[in-house]
file coords-v1.pdb (PDB, C-alpha atoms)
ATOM      1  CA  MET A   1       3.822 -12.234  26.857
ATOM      2  CA  HIS A   2       7.273 -11.571  25.390
ATOM      3  CA  GLU A   3       8.091  -9.532  22.285
ATOM      4  CA  LEU A   4      11.070 -11.000  20.478
ATOM      5  CA  ALA A   5      13.304  -9.891  17.614
ATOM      6  CA  ILE A   6      14.652 -12.882  15.715
ATOM      7  CA  THR A   7      17.149 -13.112  12.884
ATOM      8  CA  VAL A   8      17.811 -16.211  10.809
ATOM      9  CA  ILE A   9      20.580 -16.292   8.200
ATOM     10  CA  GLY A  10      21.850 -19.194   6.148
ATOM     11  CA  PRO A  11      22.319 -20.623   2.674
ATOM     12  CA  ASP A  12      19.019 -20.383   0.812
ATOM     13  CA  ARG A  13      17.042 -23.531   0.064
ATOM     14  CA  PRO A  14      13.374 -24.275  -0.673
ATOM     15  CA  GLY A  15      11.369 -24.745   2.535
ATOM     16  CA  ILE A  16      13.505 -22.664   4.845
ATOM     17  CA  VAL A  17      10.754 -20.113   5.583
ATOM     18  CA  ALA A  18       8.275 -22.916   6.234
ATOM     19  CA  ASP A  19      10.735 -24.648   8.589
ATOM     20  CA  VAL A  20      11.445 -21.500  10.612
ATOM     21  CA  SER A  21       7.840 -20.314  10.818
ATOM     22  CA  GLU A  22       6.537 -23.798  11.635
ATOM     23  CA  ALA A  23       9.069 -24.179  14.460
ATOM     24  CA  LEU A  24       8.029 -20.789  15.852
ATOM     25  CA  ALA A  25       4.296 -21.525  15.516
ATOM     26  CA  ALA A  26       4.836 -24.768  17.434
ATOM     27  CA  VAL A  27       5.957 -22.786  20.510
ATOM     28  CA  GLY A  28       3.115 -20.283  20.146
ATOM     29  CA  ALA A  29       5.105 -17.465  18.546
ATOM     30  CA  ASN A  30       2.801 -15.120  16.650
ATOM     31  CA  LEU A  31       4.744 -13.394  13.843
ATOM     32  CA  THR A  32       3.893  -9.716  13.554
ATOM     33  CA  ASP A  33       6.130  -7.707  11.198
ATOM     34  CA  SER A  34       8.755  -9.620   9.263
ATOM     35  CA  THR A  35      10.923  -9.339   6.215
ATOM     36  CA  MET A  36      12.610 -12.193   4.441
ATOM     37  CA  THR A  37      14.789 -11.952   1.388
ATOM     38  CA  ARG A  38      17.765 -13.397  -0.431
ATOM     39  CA  LEU A  39      20.962 -11.427  -0.264
ATOM     40  CA  ARG A  40      23.565 -12.821  -2.677
ATOM     41  CA  GLY A  41      22.151 -16.304  -2.185
ATOM     42  CA  HIS A  42      21.981 -16.088   1.600
ATOM     43  CA  PHE A  43      18.548 -16.479   3.061
ATOM     44  CA  THR A  44      17.910 -13.711   5.599
ATOM     45  CA  MET A  45      14.913 -13.294   7.812
ATOM     46  CA  THR A  46      14.270 -10.649  10.422
ATOM     47  CA  LEU A  47      11.061 -10.793  12.348
ATOM     48  CA  ILE A  48       9.229  -9.584  15.391
ATOM     49  CA  CYS A  49       6.998 -12.057  17.179
ATOM     50  CA  THR A  50       5.060 -12.252  20.395
ATOM     51  CA  GLY A  51       4.445 -15.173  22.698
ATOM     52  CA  PRO A  52       7.203 -17.458  23.930
ATOM     53  CA  SER A  53      10.181 -16.626  26.113
ATOM     54  CA  PRO A  54      13.523 -16.060  24.387
ATOM     55  CA  ALA A  55      14.702 -19.457  25.638
ATOM     56  CA  GLU A  56      11.652 -21.247  24.208
ATOM     57  CA  ALA A  57      12.061 -19.544  20.825
ATOM     58  CA  GLU A  58      15.782 -20.291  20.787
ATOM     59  CA  ALA A  59      15.159 -23.955  21.540
ATOM     60  CA  ALA A  60      12.571 -24.131  18.767
ATOM     61  CA  ILE A  61      14.723 -22.718  15.971
ATOM     62  CA  GLY A  62      18.197 -23.496  17.324
ATOM     63  CA  THR A  63      18.004 -27.057  16.048
ATOM     64  CA  LEU A  64      17.410 -26.026  12.405
ATOM     65  CA  SER A  65      20.454 -27.121  10.474
ATOM     66  CA  GLY A  66      22.654 -24.819   8.440
ATOM     67  CA  VAL A  67      21.318 -21.504   9.724
ATOM     68  CA  VAL A  68      22.551 -18.953  12.241
ATOM     69  CA  THR A  69      19.806 -17.683  14.510
ATOM     70  CA  GLN A  70      19.579 -14.995  17.118
ATOM     71  CA  VAL A  71      16.717 -14.296  19.502
ATOM     72  CA  ARG A  72      16.490 -11.158  21.549
ATOM     73  CA  GLN A  73      13.752  -9.721  23.733
ATOM     74  CA  VAL A  74      12.675  -6.207  22.729
ATOM     75  CA  SER A  75      10.280  -3.620  24.099
ATOM     76  CA  PRO A  76       7.249  -2.609  22.084
ATOM     77  CA  GLU A  77       7.669   0.194  19.532
ATOM     78  CA  THR A  78       8.047   3.616  21.064
ATOM     79  CA  TYR A  79       9.265   5.710  18.099
ATOM     80  CA  ALA A  80       6.593   6.291  15.503
ATOM     81  CA  SER A  81       8.168   7.599  12.322
ATOM     82  CA  SER A  82       6.393  10.631  10.972
ATOM     83  CA  GLY A  83       6.822  13.087   8.155
ATOM     84  CA  GLU A  84       6.333  13.197   4.422
ATOM     85  CA  PRO A  85       7.136  10.008   2.518
ATOM     86  CA  TYR A  86       9.844  10.109  -0.164
ATOM     87  CA  VAL A  87      11.864   7.562  -2.110
ATOM     88  CA  VAL A  88      15.589   7.992  -2.772
ATOM     89  CA  SER A  89      17.069   6.056  -5.696
ATOM     90  CA  VAL A  90      20.797   5.836  -6.339
ATOM     91  CA  HIS A  91      22.581   4.017  -9.126
ATOM     92  CA  GLY A  92      26.065   4.053 -10.504
ATOM     93  CA  ALA A  93      29.422   2.327 -10.545
ATOM     94  CA  ASP A  94      30.124   0.459  -7.337
ATOM     95  CA  ARG A  95      32.567   2.041  -4.930
ATOM     96  CA  LEU A  96      33.189   2.101  -1.211
ATOM     97  CA  GLY A  97      30.997   4.351   0.898
ATOM     98  CA  ILE A  98      27.925   5.028  -1.259
ATOM     99  CA  VAL A  99      25.430   3.937   1.414
ATOM    100  CA  ALA A 100      27.319   5.752   4.145
ATOM    101  CA  ALA A 101      27.496   9.025   2.228
ATOM    102  CA  VAL A 102      23.902   9.026   1.007
ATOM    103  CA  THR A 103      22.354   8.029   4.322
ATOM    104  CA  ARG A 104      24.449  10.605   6.199
ATOM    105  CA  VAL A 105      23.036  13.350   3.977
ATOM    106  CA  VAL A 106      19.506  12.053   4.616
ATOM    107  CA  ALA A 107      20.104  11.939   8.369
ATOM    108  CA  ALA A 108      21.518  15.478   8.378
ATOM    109  CA  ALA A 109      18.274  16.687   6.778
ATOM    110  CA  GLY A 110      16.275  15.128   9.598
ATOM    111  CA  GLY A 111      15.095  12.288   7.366
ATOM    112  CA  ASN A 112      14.293   8.899   8.843
ATOM    113  CA  ILE A 113      14.981   5.860   6.677
ATOM    114  CA  THR A 114      12.125   3.379   7.057
ATOM    115  CA  ASP A 115      13.213   0.847   4.442
ATOM    116  CA  LEU A 116      16.346   0.440   2.372
ATOM    117  CA  SER A 117      17.760  -2.145   0.046
ATOM    118  CA  THR A 118      20.855  -2.294  -2.103
ATOM    119  CA  ARG A 119      21.891  -4.582  -4.945
ATOM    120  CA  LEU A 120      25.208  -5.087  -6.656
ATOM    121  CA  ALA A 121      24.798  -6.412 -10.205
ATOM    122  CA  GLY A 122      28.123  -6.683 -11.970
ATOM    123  CA  THR A 123      29.670  -3.269 -11.432
ATOM    124  CA  LEU A 124      26.297  -1.521 -11.108
ATOM    125  CA  TYR A 125      25.322  -0.523  -7.598
ATOM    126  CA  VAL A 126      21.686   0.303  -6.807
ATOM    127  CA  LEU A 127      20.245   1.728  -3.591
ATOM    128  CA  VAL A 128      16.557   2.408  -2.976
ATOM    129  CA  ALA A 129      15.373   3.875   0.311
ATOM    130  CA  GLU A 130      12.031   4.922   1.727
ATOM    131  CA  ILE A 131      12.403   7.966   3.933
ATOM    132  CA  ASP A 132      10.188  10.198   6.050
ATOM    133  CA  LEU A 133      11.132  13.858   5.803
ATOM    134  CA  PRO A 134      10.228  16.855   7.958
ATOM    135  CA  PRO A 135       7.899  19.305   6.167
ATOM    136  CA  ALA A 136       9.579  21.465   3.497
ATOM    137  CA  ALA A 137      12.917  19.658   3.799
ATOM    138  CA  ALA A 138      12.779  18.012   0.377
ATOM    139  CA  ASP A 139      14.160  20.771  -1.872
ATOM    140  CA  GLU A 140      17.265  21.325   0.207
ATOM    141  CA  LEU A 141      17.813  17.592   0.605
ATOM    142  CA  ALA A 142      17.543  17.107  -3.164
ATOM    143  CA  GLU A 143      20.311  19.682  -3.655
ATOM    144  CA  GLN A 144      22.533  18.068  -1.027
ATOM    145  CA  LEU A 145      21.945  14.626  -2.519
ATOM    146  CA  ALA A 146      22.918  15.959  -5.939
ATOM    147  CA  VAL A 147      26.196  17.245  -4.474
ATOM    148  CA  ALA A 148      26.858  13.921  -2.723
ATOM    149  CA  GLY A 149      25.955  12.022  -5.901
ATOM    150  CA  ALA A 150      28.364  14.112  -7.975
ATOM    151  CA  GLU A 151      31.173  13.428  -5.508
ATOM    152  CA  LEU A 152      30.426   9.702  -5.625
ATOM    153  CA  GLY A 153      29.892   9.654  -9.383
ATOM    154  CA  VAL A 154      26.382   8.187  -9.011
ATOM    155  CA  GLU A 155      22.908   9.296 -10.040
ATOM    156  CA  VAL A 156      20.595  10.246  -7.171
ATOM    157  CA  THR A 157      16.899  11.050  -7.386
ATOM    158  CA  LEU A 158      14.492  12.043  -4.644
ATOM    159  CA  ARG A 159      10.798  11.762  -5.347
ATOM    160  CA  ARG A 160       7.604  12.073  -3.379
ATOM    161  CA  ALA A 161       5.918   8.771  -2.600
ATOM    162  CA  GLU A 162       2.625  10.036  -1.353
ATOM    163  CA  PRO A 163      -0.158   7.487  -1.672
ATOM    164  CA  GLU A 164      -3.508   8.333  -3.220
ATOM    165  CA  ILE A 165      -6.214   7.416  -0.764
ATOM    166  CA  LEU A 166      -9.208   6.043  -2.628
TER     167      LEU A 166
ATOM    168  CA  MET B   1     -24.977  13.046 -17.957
ATOM    169  CA  ILE B   2     -24.050  10.558 -15.292
ATOM    170  CA  ALA B   3     -23.966  13.052 -12.416
ATOM    171  CA  TRP B   4     -25.661  11.872  -9.244
ATOM    172  CA  ASP B   5     -29.021  13.527  -8.628
ATOM    173  CA  GLY B   6     -30.782  11.495  -5.975
ATOM    174  CA  PRO B   7     -32.276  11.732  -2.508
ATOM    175  CA  ALA B   8     -30.368  12.701   0.611
ATOM    176  CA  GLY B   9     -28.469   9.844   2.158
ATOM    177  CA  ARG B  10     -27.426   8.732   5.602
ATOM    178  CA  VAL B  11     -23.820   8.670   6.734
ATOM    179  CA  LEU B  12     -22.869   5.040   7.376
ATOM    180  CA  PRO B  13     -19.890   3.677   9.300
ATOM    181  CA  VAL B  14     -16.998   2.550   7.076
ATOM    182  CA  VAL B  15     -15.875  -1.013   7.730
ATOM    183  CA  THR B  16     -12.208  -1.960   7.726
ATOM    184  CA  ALA B  17     -10.273  -5.092   6.815
ATOM    185  CA  PRO B  18     -10.343  -7.915   7.785
ATOM    186  CA  ALA B  19     -14.176  -7.601   7.611
ATOM    187  CA  PRO B  20     -15.394 -10.553   5.496
ATOM    188  CA  VAL B  21     -17.725  -8.317   3.423
ATOM    189  CA  LEU B  22     -14.649  -6.658   1.898
ATOM    190  CA  SER B  23     -13.492  -9.987   0.494
ATOM    191  CA  ALA B  24     -16.842 -11.238  -0.804
ATOM    192  CA  VAL B  25     -17.974 -10.772  -4.404
ATOM    193  CA  GLY B  26     -20.760  -8.174  -4.338
ATOM    194  CA  ALA B  27     -24.166  -9.162  -5.698
ATOM    195  CA  GLU B  28     -25.417  -7.697  -8.967
ATOM    196  CA  VAL B  29     -28.193  -5.261  -8.148
ATOM    197  CA  ASP B  30     -31.448  -3.976  -9.600
ATOM    198  CA  PRO B  31     -30.471  -0.317 -10.062
ATOM    199  CA  CYS B  32     -34.135   0.778 -10.025
ATOM    200  CA  SER B  33     -35.013  -0.729  -6.648
ATOM    201  CA  PRO B  34     -35.651   1.772  -3.830
ATOM    202  CA  GLU B  35     -33.073   0.010  -1.615
ATOM    203  CA  ILE B  36     -30.337   0.527  -4.198
ATOM    204  CA  VAL B  37     -31.266   4.170  -4.743
ATOM    205  CA  GLN B  38     -31.074   4.655  -0.971
ATOM    206  CA  LEU B  39     -27.738   2.820  -0.868
ATOM    207  CA  ALA B  40     -26.417   5.081  -3.636
ATOM    208  CA  ALA B  41     -27.499   8.128  -1.640
ATOM    209  CA  ASP B  42     -25.894   6.737   1.532
ATOM    210  CA  LEU B  43     -22.611   6.114  -0.278
ATOM    211  CA  VAL B  44     -22.527   9.697  -1.566
ATOM    212  CA  ALA B  45     -23.403  11.087   1.878
ATOM    213  CA  THR B  46     -20.698   8.983   3.544
ATOM    214  CA  MET B  47     -18.104   9.916   0.922
ATOM    215  CA  ARG B  48     -18.882  13.600   1.399
ATOM    216  CA  VAL B  49     -18.253  13.588   5.122
ATOM    217  CA  SER B  50     -15.024  11.566   4.861
ATOM    218  CA  PRO B  51     -12.010  13.887   4.459
ATOM    219  CA  GLY B  52     -10.071  13.231   1.260
ATOM    220  CA  CYS B  53     -12.444  10.457   0.180
ATOM    221  CA  VAL B  54     -12.770  10.264  -3.618
ATOM    222  CA  GLY B  55     -14.772   7.057  -3.882
ATOM    223  CA  LEU B  56     -16.694   4.582  -1.785
ATOM    224  CA  ALA B  57     -18.061   1.142  -2.641
ATOM    225  CA  ALA B  58     -21.007  -0.650  -1.019
ATOM    226  CA  PRO B  59     -18.838  -3.342   0.634
ATOM    227  CA  GLN B  60     -17.031  -0.535   2.495
ATOM    228  CA  VAL B  61     -20.284   0.301   4.285
ATOM    229  CA  GLY B  62     -20.951  -3.367   4.926
ATOM    230  CA  VAL B  63     -23.223  -4.094   1.943
ATOM    231  CA  GLY B  64     -22.105  -6.815  -0.465
ATOM    232  CA  ALA B  65     -23.441  -5.190  -3.628
ATOM    233  CA  GLN B  66     -22.014  -3.869  -6.894
ATOM    234  CA  VAL B  67     -22.623  -0.181  -6.271
ATOM    235  CA  PHE B  68     -20.084   2.587  -5.761
ATOM    236  CA  CYS B  69     -19.720   6.341  -5.928
ATOM    237  CA  VAL B  70     -16.781   8.411  -7.166
ATOM    238  CA  ASP B  71     -15.907  12.096  -7.042
ATOM    239  CA  VAL B  72     -12.393  13.169  -7.999
ATOM    240  CA  THR B  73     -13.365  16.784  -8.712
ATOM    241  CA  GLY B  74     -10.435  19.097  -8.029
ATOM    242  CA  HIS B  75      -7.932  16.336  -7.367
ATOM    243  CA  PRO B  76      -4.454  17.379  -8.577
ATOM    244  CA  LYS B  77      -3.873  14.086 -10.397
ATOM    245  CA  ALA B  78      -7.252  14.080 -12.119
ATOM    246  CA  SER B  79      -7.557  14.914 -15.809
ATOM    247  CA  THR B  80     -10.982  13.894 -17.128
ATOM    248  CA  THR B  81     -13.646  14.195 -14.407
ATOM    249  CA  HIS B  82     -17.354  13.399 -14.347
ATOM    250  CA  GLY B  83     -18.217  15.019 -11.003
ATOM    251  CA  VAL B  84     -20.133  13.027  -8.415
ATOM    252  CA  PHE B  85     -21.605   9.826  -9.827
ATOM    253  CA  VAL B  86     -22.843   6.430  -8.715
ATOM    254  CA  LEU B  87     -22.582   3.288 -10.831
ATOM    255  CA  CYS B  88     -24.241  -0.125 -10.466
ATOM    256  CA  ASN B  89     -22.973  -3.443 -11.849
ATOM    257  CA  ALA B  90     -19.937  -1.742 -13.389
ATOM    258  CA  LYS B  91     -17.407  -3.593 -15.509
ATOM    259  CA  VAL B  92     -14.147  -2.501 -17.084
ATOM    260  CA  ILE B  93     -14.477  -3.236 -20.792
ATOM    261  CA  GLU B  94     -11.278  -1.590 -22.020
ATOM    262  CA  ALA B  95      -8.074  -0.805 -20.142
ATOM    263  CA  SER B  96      -4.778   0.606 -21.385
ATOM    264  CA  ARG B  97      -1.813   2.804 -20.421
ATOM    265  CA  TRP B  98      -0.882   0.758 -17.359
ATOM    266  CA  LYS B  99       1.013   2.644 -14.709
ATOM    267  CA  ALA B 100       2.160   1.861 -11.169
ATOM    268  CA  GLY B 101       1.089   4.133  -8.349
ATOM    269  CA  ARG B 102       0.908   4.033  -4.591
ATOM    270  CA  GLU B 103      -2.604   3.847  -3.210
ATOM    271  CA  GLY B 104      -4.379   3.576   0.079
ATOM    272  CA  CYS B 105      -7.919   2.834   1.122
ATOM    273  CA  MET B 106     -10.261   3.964   3.902
ATOM    274  CA  SER B 107     -10.911   0.283   4.623
ATOM    275  CA  VAL B 108      -7.188  -0.472   5.083
ATOM    276  CA  PRO B 109      -6.283   2.612   7.103
ATOM    277  CA  ASP B 110      -2.777   1.674   8.235
ATOM    278  CA  LEU B 111      -1.195   0.463   4.982
ATOM    279  CA  THR B 112      -0.539   1.608   1.436
ATOM    280  CA  GLY B 113       0.759  -0.326  -1.545
ATOM    281  CA  ASP B 114       2.116  -0.002  -5.067
ATOM    282  CA  VAL B 115      -0.501  -1.128  -7.579
ATOM    283  CA  LYS B 116      -0.524  -1.071 -11.360
ATOM    284  CA  ARG B 117      -3.700   0.451 -12.814
ATOM    285  CA  ALA B 118      -4.797   1.390 -16.293
ATOM    286  CA  GLY B 119      -4.431   5.092 -17.035
ATOM    287  CA  ARG B 120      -7.344   4.926 -19.438
ATOM    288  CA  VAL B 121     -10.486   2.827 -19.032
ATOM    289  CA  VAL B 122     -13.874   2.335 -20.547
ATOM    290  CA  VAL B 123     -16.441   1.167 -17.996
ATOM    291  CA  SER B 124     -19.965  -0.037 -18.682
ATOM    292  CA  ALA B 125     -22.559   0.200 -15.922
ATOM    293  CA  THR B 126     -26.101   1.225 -15.092
ATOM    294  CA  LEU B 127     -27.226   4.312 -13.224
ATOM    295  CA  PRO B 128     -29.171   3.976  -9.965
ATOM    296  CA  GLY B 129     -32.744   5.180 -10.160
ATOM    297  CA  SER B 130     -33.224   5.236 -13.924
ATOM    298  CA  GLY B 131     -31.450   1.967 -14.630
ATOM    299  CA  GLU B 132     -30.075   3.645 -17.725
ATOM    300  CA  PRO B 133     -27.029   1.885 -19.202
ATOM    301  CA  VAL B 134     -23.943   4.109 -19.443
ATOM    302  CA  THR B 135     -20.442   3.881 -20.789
ATOM    303  CA  VAL B 136     -17.855   5.966 -18.955
ATOM    304  CA  THR B 137     -14.563   6.712 -20.681
ATOM    305  CA  THR B 138     -11.977   8.319 -18.461
ATOM    306  CA  ASP B 139      -8.294   8.539 -17.633
ATOM    307  CA  ALA B 140      -5.668   9.399 -15.024
ATOM    308  CA  PHE B 141      -6.870   9.598 -11.434
ATOM    309  CA  GLU B 142     -10.553   9.036 -12.189
ATOM    310  CA  ALA B 143      -9.604   5.832 -14.047
ATOM    311  CA  ARG B 144      -7.607   4.657 -11.012
ATOM    312  CA  ALA B 145     -10.507   5.454  -8.684
ATOM    313  CA  LEU B 146     -12.978   3.531 -10.878
ATOM    314  CA  GLN B 147     -10.744   0.453 -10.948
ATOM    315  CA  HIS B 148     -10.256   0.611  -7.171
ATOM    316  CA  GLU B 149     -14.036   0.790  -6.565
ATOM    317  CA  ILE B 150     -14.876  -1.894  -9.141
ATOM    318  CA  ASP B 151     -12.346  -4.094  -7.349
ATOM    319  CA  HIS B 152     -14.193  -3.492  -4.043
ATOM    320  CA  CYS B 153     -17.417  -4.672  -5.704
ATOM    321  CA  ALA B 154     -15.581  -7.853  -6.753
ATOM    322  CA  GLY B 155     -14.316  -8.480  -3.206
ATOM    323  CA  LYS B 156     -10.792  -7.315  -3.978
ATOM    324  CA  LEU B 157      -8.616  -4.877  -2.055
ATOM    325  CA  PHE B 158      -5.483  -3.137  -3.334
ATOM    326  CA  LEU B 159      -3.650  -5.692  -1.184
ATOM    327  CA  ASP B 160      -4.728  -8.354  -3.700
ATOM    328  CA  ARG B 161      -2.865  -6.496  -6.444
ATOM    329  CA  VAL B 162       0.327  -5.176  -4.830
ATOM    330  CA  ALA B 163       3.376  -5.290  -7.039
ATOM    331  CA  GLY B 164       5.586  -7.429  -4.803
ATOM    332  CA  ALA B 165       6.730  -8.471  -1.358
ATOM    333  CA  HIS B 166       8.242  -5.053  -0.678
ATOM    334  CA  ALA B 167       5.377  -3.017  -2.100
ATOM    335  CA  VAL B 168       3.258  -2.718   1.056
ATOM    336  CA  TYR B 169       4.052   0.170   3.365
ATOM    337  CA  GLN B 170       2.989   1.475   6.728
ATOM    338  CA  ARG B 171       0.846   4.502   6.116
ATOM    339  CA  LYS B 172       2.742   7.532   7.320
ATOM    340  CA  VAL B 173       1.652   9.650  10.220
ATOM    341  CA  TYR B 174       1.482  13.160   8.834
ATOM    342  CA  LEU B 175       2.907  16.006  10.863
TER     343      LEU B 175
END

call {"tool": "encode", "arguments": {"input": "coords-v1.pdb", "output": "structure tokens"}}
result
Amino acid sequence: MHELAITVIGPDRPGIVADVSEALAAVGANLTDSTMTRLRGHFTMTLICTGPSPAEAEAAIGTLSGVVTQVRQVSPETYASSGEPYVVSVHGADRLGIVAAVTRVVAAAGGNITDLSTRLAGTLYVLVAEIDLPPAAADELAEQLAVAGAELGVEVTLRRAEPEIL
Amino acid sequence: MIAWDGPAGRVLPVVTAPAPVLSAVGAEVDPCSPEIVQLAADLVATMRVSPGCVGLAAPQVGVGAQVFCVDVTGHPKASTTHGVFVLCNAKVIEASRWKAGREGCMSVPDLTGDVKRAGRVVVSATLPGSGEPVTVTTDAFEARALQHEIDHCAGKLFLDRVAGAHAVYQRKVYL
């Protein structure tokens, strides 16, 4: 049993997810975690699957036209992210280095980013990240993010994203 | 008064998705039948021994029936509270002040999701034992809990209502 990390990128069109997942199912690849989205019109898919060898998976999806694919064998997850869940939101005028500056501040506070997406809409730049923080790190991080945001000329908010268990 | 005042219950095992009972529409029940009164007691007993549990519906203990208990007493996000109560055949008859929030469920232990719920609801139901019809008007966290449990009785999980493709999260491991 192999665990594979696969990326597929190409111009978006209807049916592309079905084509990729059907080709993988045909060689016995069981998709576990995956994310698929459109980034400025490019279809992008990153997934983890179990089953076939890298060569079998490559042969299955390598023939799909118009997409770039990569298959790589990975070892099962060893780092379990832990901590208190927070969401960071950033918005402001686009400029070079917003993601780099904000994520460096998060990393310096011991935060682990578990999900992040950015969008550029006209001149507006938006970043939203899910992060896990060590206990009691939030107040200091909020201050440091405010400083970084002021330097970048963007608005930054940090808020708790704790779920209510019902 | 809708507060629960029934016999002692048994602690039942909580079933987790993908158990089929969690996706089946629960049967309407006779709130006066001894089985339903016992079920109500079992739900309360099971809720009480489950840390952080503020509500439990019959499908979560493997019974496809429209019965659930709720107790949000002392919860920081609660405003109106009615203590510990059990409702049968409950329906939301008015819902307003919709608000998104992240919720999790004992029956989906590894995931959470962003779900829109009404911040104010009116629920009609009957009480177990007496069969007395009641109307419960509540808000904030108790309203969210009621909607979550009524969903369970209809065979729906929060996963059926998540806000979008990126609104399901791995539940965090707390330090």

call {"tool": "atom_distance", "arguments": {"input": "coords-v1.pdb", "atom1": "CA of Ala129 in chain A", "atom2": "CA of Leu158 in chain A"}}
result
9.6 Å

call {"tool": "closest_atom_pairs", "arguments": {"input": "coords-v1.pdb", "of": "chain A", "to": "chain B", "cutoff": "6 Å", "atoms": "all atoms listed in the file", "output": "JSON lines"}}
result
{"residue": "A:Ser82", "atom": "CA", "partner": "B:Val173", "partner_atom": "CA", "distance": 4.9}
{"residue": "A:Gly83", "atom": "CA", "partner": "B:Tyr174", "partner_atom": "CA", "distance": 5.4}
{"residue": "A:Pro163", "atom": "CA", "partner": "B:Arg102", "partner_atom": "CA", "distance": 4.6}
{"residue": "A:Glu164", "atom": "CA", "partner": "B:Glu103", "partner_atom": "CA", "distance": 4.6}
{"residue": "A:Ile165", "atom": "CA", "partner": "B:Gly104", "partner_atom": "CA", "distance": 4.3}
{"residue": "A:Leu166", "atom": "CA", "partner": "B:Cys105", "partner_atom": "CA", "distance": 5.1}

call {"tool": "resolve_selection", "arguments": {"input": "coords-v1.pdb", "expression": "the PyMOL selection byres ((chain A and resi 151) around 12)", "output": "ChimeraX atom specification"}}
result
/A:92,95,97-98,101-102,144-150,152-156

call {"tool": "residues_around", "arguments": {"input": "coords-v1.pdb", "residues": "Gly131 in chain B", "least_positions_apart": "2", "cutoff": "10 Å", "atoms": "only C-alpha atoms", "output": "list in words"}}
result
Asp30, Pro31, Cys32, Ser33, Leu87, Cys88, Ala125, Thr126, Leu127, Pro128, Gly129, Pro133 and Val134 of chain B

call {"tool": "resolve_selection", "arguments": {"input": "coords-v1.pdb", "expression": "the PyMOL selection byres ((chain A and resi 68) around 9)", "output": "PDB file with C-alpha atoms, keeping the file's coordinate frame"}}
result
ATOM      1  CA  THR A   7      17.149 -13.112  12.884  1.00  0.00           C
ATOM      2  CA  VAL A   8      17.811 -16.211  10.809  1.00  0.00           C
ATOM      3  CA  ILE A   9      20.580 -16.292   8.200  1.00  0.00           C
ATOM      4  CA  GLY A  10      21.850 -19.194   6.148  1.00  0.00           C
ATOM      5  CA  GLY A  62      18.197 -23.496  17.324  1.00  0.00           C
ATOM      6  CA  LEU A  64      17.410 -26.026  12.405  1.00  0.00           C
ATOM      7  CA  SER A  65      20.454 -27.121  10.474  1.00  0.00           C
ATOM      8  CA  GLY A  66      22.654 -24.819   8.440  1.00  0.00           C
ATOM      9  CA  VAL A  67      21.318 -21.504   9.724  1.00  0.00           C
ATOM     10  CA  THR A  69      19.806 -17.683  14.510  1.00  0.00           C
ATOM     11  CA  GLN A  70      19.579 -14.995  17.118  1.00  0.00           C
TER      12      GLN A  70
END

call {"tool": "closest_residue", "arguments": {"input": "coords-v1.pdb", "among": "B:Gln60, B:Thr46, B:Thr16, B:Ser79", "to": "Arg120 in chain B", "atoms": "only C-alpha atoms"}}
result
B:Ser79

call {"tool": "residues_around", "arguments": {"input": "coords-v1.pdb", "residues": "Ala59 in chain A", "least_positions_apart": "2", "cutoff": "12 Å", "atoms": "only C-alpha atoms", "output": "VMD selection string"}}
result
chain A and resid 20 23 to 24 26 to 27 52 to 57 61 to 64 69 to 71

call {"tool": "residues_around", "arguments": {"input": "coords-v1.pdb", "residues": "Ala161 in chain A", "least_positions_apart": "3", "cutoff": "9 Å", "atoms": "all atoms listed in the file", "output": "PyMOL selection string"}}
result
(chain A and resi 84-87+130) or (chain B and resi 101-102)

call {"tool": "residues_around", "arguments": {"input": "coords-v1.pdb", "residues": "Thr81 in chain B", "least_positions_apart": "4", "cutoff": "9 Å", "atoms": "only C-alpha atoms", "output": "PyMOL selection string"}}
result
chain B and resi 71-74+138-139+141-142

call {"tool": "write_last_selection", "arguments": {"input": "coords-v1.pdb", "atoms": "C-alpha atoms", "output": "mmCIF file, keeping the file's coordinate frame"}}
result
data_model
loop_
_atom_site.group_PDB
_atom_site.id
_atom_site.type_symbol
_atom_site.label_atom_id
_atom_site.label_comp_id
_atom_site.auth_asym_id
_atom_site.auth_seq_id
_atom_site.Cartn_x
_atom_site.Cartn_y
_atom_site.Cartn_z
ATOM 1 C CA ASP B 71 -15.907 12.096 -7.042
ATOM 2 C CA VAL B 72 -12.393 13.169 -7.999
ATOM 3 C CA THR B 73 -13.365 16.784 -8.712
ATOM 4 C CA GLY B 74 -10.435 19.097 -8.029
ATOM 5 C CA THR B 138 -11.977 8.319 -18.461
ATOM 6 C CA ASP B 139 -8.294 8.539 -17.633
ATOM 7 C CA PHE B 141 -6.870 9.598 -11.434
ATOM 8 C CA GLU B 142 -10.553 9.036 -12.189
#

call {"tool": "resolve_selection", "arguments": {"input": "coords-v1.pdb", "expression": "the PyMOL selection byres ((chain B and resi 151) around 12)", "output": "ChimeraX atom specification"}}
result
/A:166 /B:22-26,55-60,65-68,89-92,105,117,144-150,152-161
